[in-house]
Number of protein chains: 2
Amino acid sequence: VVAHVGPGGAGAARSRRNCAALDAASRFAETRNWFELPHGLLYLDGNSLGPPVRDALGAVTRLLTEQWRVGLARSWNDAGWWDKPIELGRLLAPLLGSASDEVVVCDSISVNLFKVLAAAARLVPGRRAIVVEADAFPSDRYVAASVAALLGLETRLVGPGHDRAALGPEPGLTLERALDGAGVVLLSHVDYRTARRHDLRGLTALVHAYGALAVWDLAHSVGAFPLALDDDSADFAVGCTYKYLNGGPGAPAFVYAARRHLEAVSQPISGWHGHARPFGFLPRYAPHPGVRRFLAGTPPLLAYAALEASLRLWQQVDLVELAAASRSLSELLAALLAEACPGLELVSPPDPAQRGSHLAYRHRRPRTLVEALAARAVVADARQPDLVRLALTPLYLRHVDVFDAAERIAQTVSQLG
Amino acid sequence: VVAHVGPGGAGAARSRRNCAALDAASRFAETRNWFELPHGLLYLDGNSLGPPVRDALGAVTRLLTEQWRVGLARSWNDAGWWDKPIELGRLLAPLLGSASDEVVVCDSISVNLFKVLAAAARLVPGRRAIVVEADAFPSDRYVAASVAALLGLETRLVGPGHDRAALGPEPGLTLERALDGAGVVLLSHVDYRTARRHDLRGLTALVHAYGALAVWDLAHSVGAFPLALDDDSADFAVGCTYKYLNGGPGAPAFVYAARRHLEAVSQPISGWHGHARPFGFLPRYAPHPGVRRFLAGTPPLLAYAALEASLRLWQQVDLVELAAASRSLSELLAALLAEACPGLELVSPPDPAQRGSHLAYRHRRPRTLVEALAARAVVADARQPDLVRLALTPLYLRHVDVFDAAERIAQTVSQLG
C-alpha cells in the first residue's frame, strides 16, 4: 500500500480505489469517529471552525448539570474551575512545543494580542516601533496599531503581501529595515489566506539579532503541524482553539510566554484572575509569578468544557504523523485540481513544507463558487476579493473525501466558467 | 394576606406559616420553577453565581447539535452567531434602563472595564486623573490603575471604605476633592461586601458638574433592582451576567455606552468584531458606528446560549416587583437574625433602599461559619477578613426558605460561639 500520494505520484495513485487503500492504512483511519460530522458532508473548512468531538456535548452537559446545577458557586474550588485556564494550558503545551507552565487558555486572540504586544513592548523600553506584516490578519494590524499608539511607538508595516491592494496602499519595508530600533515584531506563522508558512525559528533568530522580541500568531498553525516554540526561542505567541483544535465557536484563545520572560513581564489588563493572591483582595496589583499573570477576568466555563473534551483527544495525536497526512491530502487535492482545472490558480506555496494545512485558489467569484460547492455538500470558504480556501484536516477528512471533493470542485468551476 | 414583611412587622408575621402565606400570594410564586436547584438546598449565594434556568441545558445542546454540529462555520451567518453580542445586549437593555442600541454583551468585566475606562479618558483630553473608590472591588482598582498609568494619568482613591485596612493604608480623598481636574470616575453602584448602594443619579450629576464622566460597575446591581441608566445620565457601565442574571459560570459581561458618546468614543482593544466592516479586511481600524465598537475578538457562543436562555425569562420580570420582593426577604432575614442572634452585626445599611440584594454580617471566622452552614444545606459566602454575605433572590428564594435559613444560621452562630 502506498503510504502517501507524492507530488510525482502516478495517475493510478489518484484513483478513488487507491485513495480508499490509503485511508484504510492510515494512522488516522479511526480518528474520524471522534467527531460528529453530518453524513455525506465533505468539510474542507476546518481552518475556519472545526467540528465538535463526540464528547463535547457530554462534557458541557456534565459541567452544566453536575457542576453548575449541583455544586453551584462551590464548583469554583470543588470542580477546579479556578484553574481551568492553566489546566487547559497544560493540555495545549505539547501541541506548541512548550513547557506546561508557559501556556494559559483565555479570552480571544484580539484581547490576548493586546496584552502580549503591550507586555512585550514594556520589556524593551527605548525601542521605537512595533513591526507587523502588511498582510497580517487585519485584526492583528488593528491591535498592533492601537498598542503602538497607546505606548507612543511607531507601527511599521513589513511586506508587501501577496495582495497588498486588499489591505491598502502602504509600501511595506523589508523586515531587516523595519527591525532597526524596533522592539516587538508580530508575525503570522501561517498566512490566513495563502497558507504561506514562515520559518519560525529563522525569523525569531533574525528578530533577536536586532534586539527585538518575536510575537507569533499561531491561529492557522496550532493543530496543523508540530510546533517547537521553546526550541525555536519564540518570545510570545497567541492563537485560537476553534479552528484545527475543534474547541467550538469562539472557544477560548491562548497565550504562550517563554519562561525566561515570565518574571519581568507585565500585561496591562490587570484583572484579578492574574493576581498573585486574587482572594487576598490586596490594594495593588501584584502579578502571579507564573503565566497566570496573563489572565484578566472570569473565564466562560461552558466554553472551556467543550475545548477540554477536544484537547484530551489531541493528547493522542502524533503531530509529525498528522502533518504528513495533511501533506498527503493536500498533494492529492493539488494534483487532482491541477489535472482537472488547469485554469485554477493555486495561490499557496507549491512546496508543502512551506504551507500550513489549507490550500488557497484564486477565483474571480469566490463567494459564488463557495455557494455552489455548498449545494454539492462541499464546504469551503471565501476570502475577498478572489480566494477560495480548502482545509485538509486528517483527523476527519480522508483521501476519498478529497477525491470526491476535487471532482465536485472541478465540475463546479467548469460550470461557473 | 400580608404582602410584605415590614421592618415593624409583628412577631406573628415572622412565623413560618405566615411566610408560607406570603409565598403563596407572591408575584414570584411560580418563577422558582424556572430554575434547577438541588432539592432542599437553601441557596443564599446568588450574588456569587446564579443557578441555571431549566432551559440552559437545552439551549446549549441546541447550539452544539443543531448549529455547531450541523451548520458548522455557516452558523456564523445562518444561526445569527455574528450578532449574538448585540442581540443579547438588546435583551439586557430593559434591565439597565437603556435603549436597546446602547448595550453589548462580551468579554469579562475586567476586559470591558479596561476598554471603557480608556475610552472614557480619551473623551476628556487634558484631564489629569481617573478616580476610583478605595473600597472598590480590587480588580476594578487594578484595572483603573493600569489604564491611568498607560495614559499618563493619576489614579485618585476616594474613600475611606468601611474596612480600609483590607485594601491598604491609603488615605482616601473626598469625592469632591478628587474630582478637581479628574476626567473619569469609576464607581461601584452596589458594594460587593456590604451591599451599600450609591445614588447613581446624584453621583453622576456631581461627576458631570465637575466636567468628568461617570463609569458604573453594576456587577451587584443588574438583576437585583430596576436601573435607569439613560434617565440618570450615566456615561458608561459594565457588569456581569453570572450573578443575579443566572447566565452561567463566567458568562459574558456587558458594556453600556450612552448614545451621546457613541460617535466619538474609541476603545483600545481594536479587534475586528468591533470594526465597521469586519469582512472588508481594510488596512486600518474604523470602529462600527454603534455600540458594537466595544467588541474585540470572537465571542464564546456556548456561553452565550446559556445566558440567552436566562435573559429570555428575565423579559417577564417586573424589576419594581422584584426589588420589593427582595426587600421583603431581606427585612425578614434581618428581623429574624436580629432577634435570634443579637450579637451578629449587620454591616449592610439598615435602610433597604440604600442596599442591593444581599445582606452582610460581621463574623470573626466567616469561612468557618460558611462551611458549617453548608453542612446544614445553607449556602452563603465569606469575604475576608470578617464578612458573611447572604443574597436574597426572589426568583428562586421564598420567605419560608429565608425563615429556615435564619433558624439554621442562628443555631450555627450559637454553636460556633
# chains A, B, ... in the order shown; residues from 1 in each chain; ligands from 1

call {"tool": "residues_around", "arguments": {"residues": "Leu397 in chain A", "least_positions_apart": "2", "cutoff": "8 Å", "atoms": "only C-alpha atoms", "output": "MDAnalysis selection string"}}
result
chainID A and resid 32 42:44 392:395 399 401:402

call {"tool": "write_last_selection", "arguments": {"atoms": "N, CA and C atoms", "output": "PDB file, in the first residue's frame"}}
result
ATOM      1  N   ARG A  32     -11.617   9.700  12.711  1.00  0.00           N
ATOM      2  CA  ARG A  32     -12.856  10.277  12.203  1.00  0.00           C
ATOM      3  C   ARG A  32     -14.033  10.027  13.155  1.00  0.00           C
ATOM      4  N   LEU A  42     -18.658  16.904   2.880  1.00  0.00           N
ATOM      5  CA  LEU A  42     -17.203  16.994   2.696  1.00  0.00           C
ATOM      6  C   LEU A  42     -16.768  18.344   3.254  1.00  0.00           C
ATOM      7  N   TYR A  43     -16.221  18.286   4.462  1.00  0.00           N
ATOM      8  CA  TYR A  43     -15.982  19.537   5.199  1.00  0.00           C
ATOM      9  C   TYR A  43     -14.528  19.954   5.045  1.00  0.00           C
ATOM     10  N   LEU A  44     -14.303  20.926   4.170  1.00  0.00           N
ATOM     11  CA  LEU A  44     -12.952  21.438   3.936  1.00  0.00           C
ATOM     12  C   LEU A  44     -12.829  22.853   4.511  1.00  0.00           C
ATOM     13  N   LEU A 392      -7.357  20.921   4.777  1.00  0.00           N
ATOM     14  CA  LEU A 392      -7.109  19.475   4.818  1.00  0.00           C
ATOM     15  C   LEU A 392      -6.863  19.083   6.261  1.00  0.00           C
ATOM     16  N   THR A 393      -7.804  18.346   6.817  1.00  0.00           N
ATOM     17  CA  THR A 393      -7.780  18.032   8.250  1.00  0.00           C
ATOM     18  C   THR A 393      -7.844  16.520   8.428  1.00  0.00           C
ATOM     19  N   PRO A 394      -6.677  15.873   8.550  1.00  0.00           N
ATOM     20  CA  PRO A 394      -6.617  14.403   8.510  1.00  0.00           C
ATOM     21  C   PRO A 394      -7.406  13.702   9.608  1.00  0.00           C
ATOM     22  N   LEU A 395      -7.692  14.385  10.712  1.00  0.00           N
ATOM     23  CA  LEU A 395      -8.417  13.688  11.777  1.00  0.00           C
ATOM     24  C   LEU A 395      -9.811  13.279  11.312  1.00  0.00           C
ATOM     25  N   HIS A 399      -8.694  10.541   2.196  1.00  0.00           N
ATOM     26  CA  HIS A 399      -8.307  10.695   0.797  1.00  0.00           C
ATOM     27  C   HIS A 399      -9.529  10.565  -0.111  1.00  0.00           C
ATOM     28  N   ASP A 401     -12.515  11.430   0.565  1.00  0.00           N
ATOM     29  CA  ASP A 401     -13.275  12.683   0.660  1.00  0.00           C
ATOM     30  C   ASP A 401     -12.641  13.743  -0.235  1.00  0.00           C
ATOM     31  N   VAL A 402     -11.321  13.811  -0.205  1.00  0.00           N
ATOM     32  CA  VAL A 402     -10.619  14.785  -1.040  1.00  0.00           C
ATOM     33  C   VAL A 402     -10.828  14.449  -2.521  1.00  0.00           C
TER      34      VAL A 402
END

call {"tool": "residues_around", "arguments": {"residues": "range 214-220 of chain B", "least_positions_apart": "4", "cutoff": "7 Å", "atoms": "only C-alpha atoms", "output": "list in words"}}
result
Asn47, Val184, Val185, Leu186, Leu187, Ser188, His189, Val190, Tyr192, Thr204, Val207, Ala234, Asp235, Phe236, Ala237, Val238, Gly239, Cys240 and Gly356 of chain B

call {"tool": "interface_residues", "arguments": {"of": "chain A", "to": "chain B", "cutoff": "7 Å", "atoms": "only C-alpha atoms", "output": "count of residues only"}}
result
51

call {"tool": "select_by_dssp", "arguments": {"residues": "range 364-410 of chain B", "states": "helix (DSSP H, G or I)", "output": "PyMOL selection string"}}
result
chain B and resi 366-374+399-410

call {"tool": "write_last_selection", "arguments": {"atoms": "N, CA, C and O atoms", "output": "short mmCIF file (atom, residue, chain, number, x, y, z; two decimals), in the first residue's frame"}}
result
data_model
loop_
_atom_site.label_atom_id
_atom_site.label_comp_id
_atom_site.auth_asym_id
_atom_site.auth_seq_id
_atom_site.Cartn_x
_atom_site.Cartn_y
_atom_site.Cartn_z
N PRO B 366 -15.45 33.95 59.29
CA PRO B 366 -16.51 33.83 58.26
C PRO B 366 -16.42 32.52 57.48
O PRO B 366 -17.45 31.94 57.15
N ARG B 367 -15.21 32.04 57.19
CA ARG B 367 -15.12 30.80 56.41
C ARG B 367 -15.62 29.61 57.20
O ARG B 367 -16.28 28.72 56.66
N THR B 368 -15.30 29.59 58.48
CA THR B 368 -15.79 28.51 59.34
C THR B 368 -17.31 28.52 59.40
O THR B 368 -17.96 27.48 59.30
N LEU B 369 -17.86 29.73 59.52
CA LEU B 369 -19.32 29.84 59.56
C LEU B 369 -19.93 29.35 58.25
O LEU B 369 -20.91 28.58 58.24
N VAL B 370 -19.36 29.76 57.14
CA VAL B 370 -19.90 29.36 55.83
C VAL B 370 -19.81 27.85 55.64
O VAL B 370 -20.75 27.22 55.14
N GLU B 371 -18.71 27.25 56.08
CA GLU B 371 -18.58 25.79 55.97
C GLU B 371 -19.62 25.08 56.85
O GLU B 371 -20.23 24.10 56.42
N ALA B 372 -19.81 25.59 58.05
CA ALA B 372 -20.78 24.97 58.96
C ALA B 372 -22.20 25.12 58.41
O ALA B 372 -23.02 24.20 58.54
N LEU B 373 -22.48 26.26 57.78
CA LEU B 373 -23.80 26.44 57.17
C LEU B 373 -23.99 25.48 56.00
O LEU B 373 -25.08 24.93 55.81
N ALA B 374 -22.93 25.29 55.22
CA ALA B 374 -23.04 24.38 54.07
C ALA B 374 -23.40 22.98 54.54
O ALA B 374 -24.18 22.27 53.87
N HIS B 399 -39.94 33.14 51.20
CA HIS B 399 -39.92 33.55 52.60
C HIS B 399 -39.67 32.34 53.51
O HIS B 399 -38.95 32.43 54.50
N VAL B 400 -40.28 31.20 53.18
CA VAL B 400 -40.05 30.02 54.04
C VAL B 400 -38.59 29.58 54.00
O VAL B 400 -38.05 29.10 55.00
N ASP B 401 -37.96 29.75 52.83
CA ASP B 401 -36.53 29.41 52.74
C ASP B 401 -35.71 30.32 53.65
O ASP B 401 -34.79 29.88 54.34
N VAL B 402 -36.04 31.61 53.62
CA VAL B 402 -35.33 32.56 54.46
C VAL B 402 -35.60 32.25 55.94
O VAL B 402 -34.68 32.30 56.77
N PHE B 403 -36.83 31.90 56.22
CA PHE B 403 -37.16 31.53 57.60
C PHE B 403 -36.30 30.35 58.07
O PHE B 403 -35.67 30.39 59.14
N ASP B 404 -36.25 29.31 57.24
CA ASP B 404 -35.47 28.12 57.60
C ASP B 404 -33.99 28.44 57.67
O ASP B 404 -33.27 27.96 58.56
N ALA B 405 -33.52 29.24 56.71
CA ALA B 405 -32.10 29.59 56.71
C ALA B 405 -31.75 30.36 57.98
O ALA B 405 -30.71 30.11 58.61
N ALA B 406 -32.62 31.29 58.38
CA ALA B 406 -32.34 32.10 59.57
C ALA B 406 -32.23 31.20 60.81
O ALA B 406 -31.35 31.40 61.65
N GLU B 407 -33.11 30.22 60.90
CA GLU B 407 -33.03 29.29 62.03
C GLU B 407 -31.69 28.58 62.07
O GLU B 407 -31.04 28.49 63.11
N ARG B 408 -31.27 28.09 60.90
CA ARG B 408 -30.02 27.33 60.88
C ARG B 408 -28.81 28.26 61.09
O ARG B 408 -27.82 27.86 61.70
N ILE B 409 -28.90 29.47 60.58
CA ILE B 409 -27.81 30.42 60.82
C ILE B 409 -27.70 30.71 62.31
O ILE B 409 -26.60 30.70 62.89
N ALA B 410 -28.84 30.95 62.94
CA ALA B 410 -28.83 31.26 64.37
C ALA B 410 -28.24 30.10 65.17
O ALA B 410 -27.40 30.30 66.05
#

call {"tool": "select_by_dssp", "arguments": {"residues": "range 173-397 of chain B", "states": "strand (DSSP E or B)", "output": "PDB file with C-alpha atoms, in the first residue's frame"}}
result
ATOM      1  CA  LEU B 173      -9.976  61.762  49.335  1.00  0.00           C
ATOM      2  CA  ALA B 182     -10.353  64.453  37.024  1.00  0.00           C
ATOM      3  CA  GLY B 183     -11.587  63.013  33.755  1.00  0.00           C
ATOM      4  CA  VAL B 184     -13.199  59.724  34.664  1.00  0.00           C
ATOM      5  CA  VAL B 185     -14.790  58.439  37.847  1.00  0.00           C
ATOM      6  CA  LEU B 186     -15.346  54.709  38.350  1.00  0.00           C
ATOM      7  CA  LEU B 187     -17.996  53.936  40.939  1.00  0.00           C
ATOM      8  CA  SER B 188     -19.374  50.650  42.231  1.00  0.00           C
ATOM      9  CA  VAL B 190     -23.535  48.323  44.985  1.00  0.00           C
ATOM     10  CA  ARG B 196     -24.191  49.660  50.190  1.00  0.00           C
ATOM     11  CA  ARG B 197     -25.974  51.230  47.213  1.00  0.00           C
ATOM     12  CA  LEU B 213     -17.504  61.208  33.083  1.00  0.00           C
ATOM     13  CA  ALA B 214     -19.130  58.553  35.278  1.00  0.00           C
ATOM     14  CA  VAL B 215     -18.413  54.867  34.718  1.00  0.00           C
ATOM     15  CA  TRP B 216     -20.530  52.479  36.792  1.00  0.00           C
ATOM     16  CA  ASP B 217     -19.750  48.930  37.844  1.00  0.00           C
ATOM     17  CA  PHE B 236     -20.672  54.145  30.684  1.00  0.00           C
ATOM     18  CA  ALA B 237     -21.280  50.996  32.662  1.00  0.00           C
ATOM     19  CA  VAL B 238     -20.000  47.457  32.893  1.00  0.00           C
ATOM     20  CA  GLY B 239     -21.366  44.434  34.687  1.00  0.00           C
ATOM     21  CA  PHE B 254     -21.545  43.689  29.180  1.00  0.00           C
ATOM     22  CA  VAL B 255     -20.767  47.250  28.223  1.00  0.00           C
ATOM     23  CA  TYR B 256     -23.286  50.101  28.323  1.00  0.00           C
ATOM     24  CA  ALA B 257     -22.338  53.268  26.461  1.00  0.00           C
ATOM     25  CA  HIS B 275     -14.858  47.123  13.054  1.00  0.00           C
ATOM     26  CA  PRO B 287     -14.956  51.493  14.516  1.00  0.00           C
ATOM     27  CA  GLU B 345     -23.548  42.712  63.472  1.00  0.00           C
ATOM     28  CA  LEU B 346     -25.335  43.718  60.266  1.00  0.00           C
ATOM     29  CA  ARG B 355     -28.602  48.497  49.678  1.00  0.00           C
ATOM     30  CA  HIS B 358     -27.684  40.868  49.794  1.00  0.00           C
ATOM     31  CA  LEU B 359     -27.005  41.324  53.500  1.00  0.00           C
ATOM     32  CA  ALA B 360     -23.547  41.247  55.014  1.00  0.00           C
ATOM     33  CA  TYR B 361     -22.843  40.276  58.601  1.00  0.00           C
ATOM     34  CA  ARG B 362     -19.626  40.535  60.524  1.00  0.00           C
ATOM     35  CA  VAL B 378     -27.462  26.728  53.634  1.00  0.00           C
ATOM     36  CA  VAL B 379     -25.144  28.254  51.033  1.00  0.00           C
ATOM     37  CA  ASP B 381     -20.223  33.045  51.139  1.00  0.00           C
ATOM     38  CA  ALA B 382     -17.385  34.641  53.046  1.00  0.00           C
ATOM     39  CA  ARG B 383     -15.346  37.706  52.288  1.00  0.00           C
ATOM     40  CA  LEU B 387     -17.830  39.183  56.428  1.00  0.00           C
ATOM     41  CA  VAL B 388     -20.511  36.672  55.540  1.00  0.00           C
ATOM     42  CA  ARG B 389     -22.813  37.506  52.634  1.00  0.00           C
ATOM     43  CA  LEU B 390     -26.406  36.294  52.280  1.00  0.00           C
ATOM     44  CA  ALA B 391     -28.138  37.007  48.967  1.00  0.00           C
TER      45      ALA B 391
END

call {"tool": "atom_distance", "arguments": {"atom1": "CA of Gly211 in chain A", "atom2": "CA of Ser266 in chain A"}}
result
19.0 Å

call {"tool": "atom_distance", "arguments": {"atom1": "CA of Ala224 in chain B", "atom2": "CA of Cys106 in chain B"}}
result
20.5 Å

call {"tool": "atom_distance", "arguments": {"atom1": "CA of Ala334 in chain B", "atom2": "CA of Ala353 in chain B"}}
result
14.1 Å
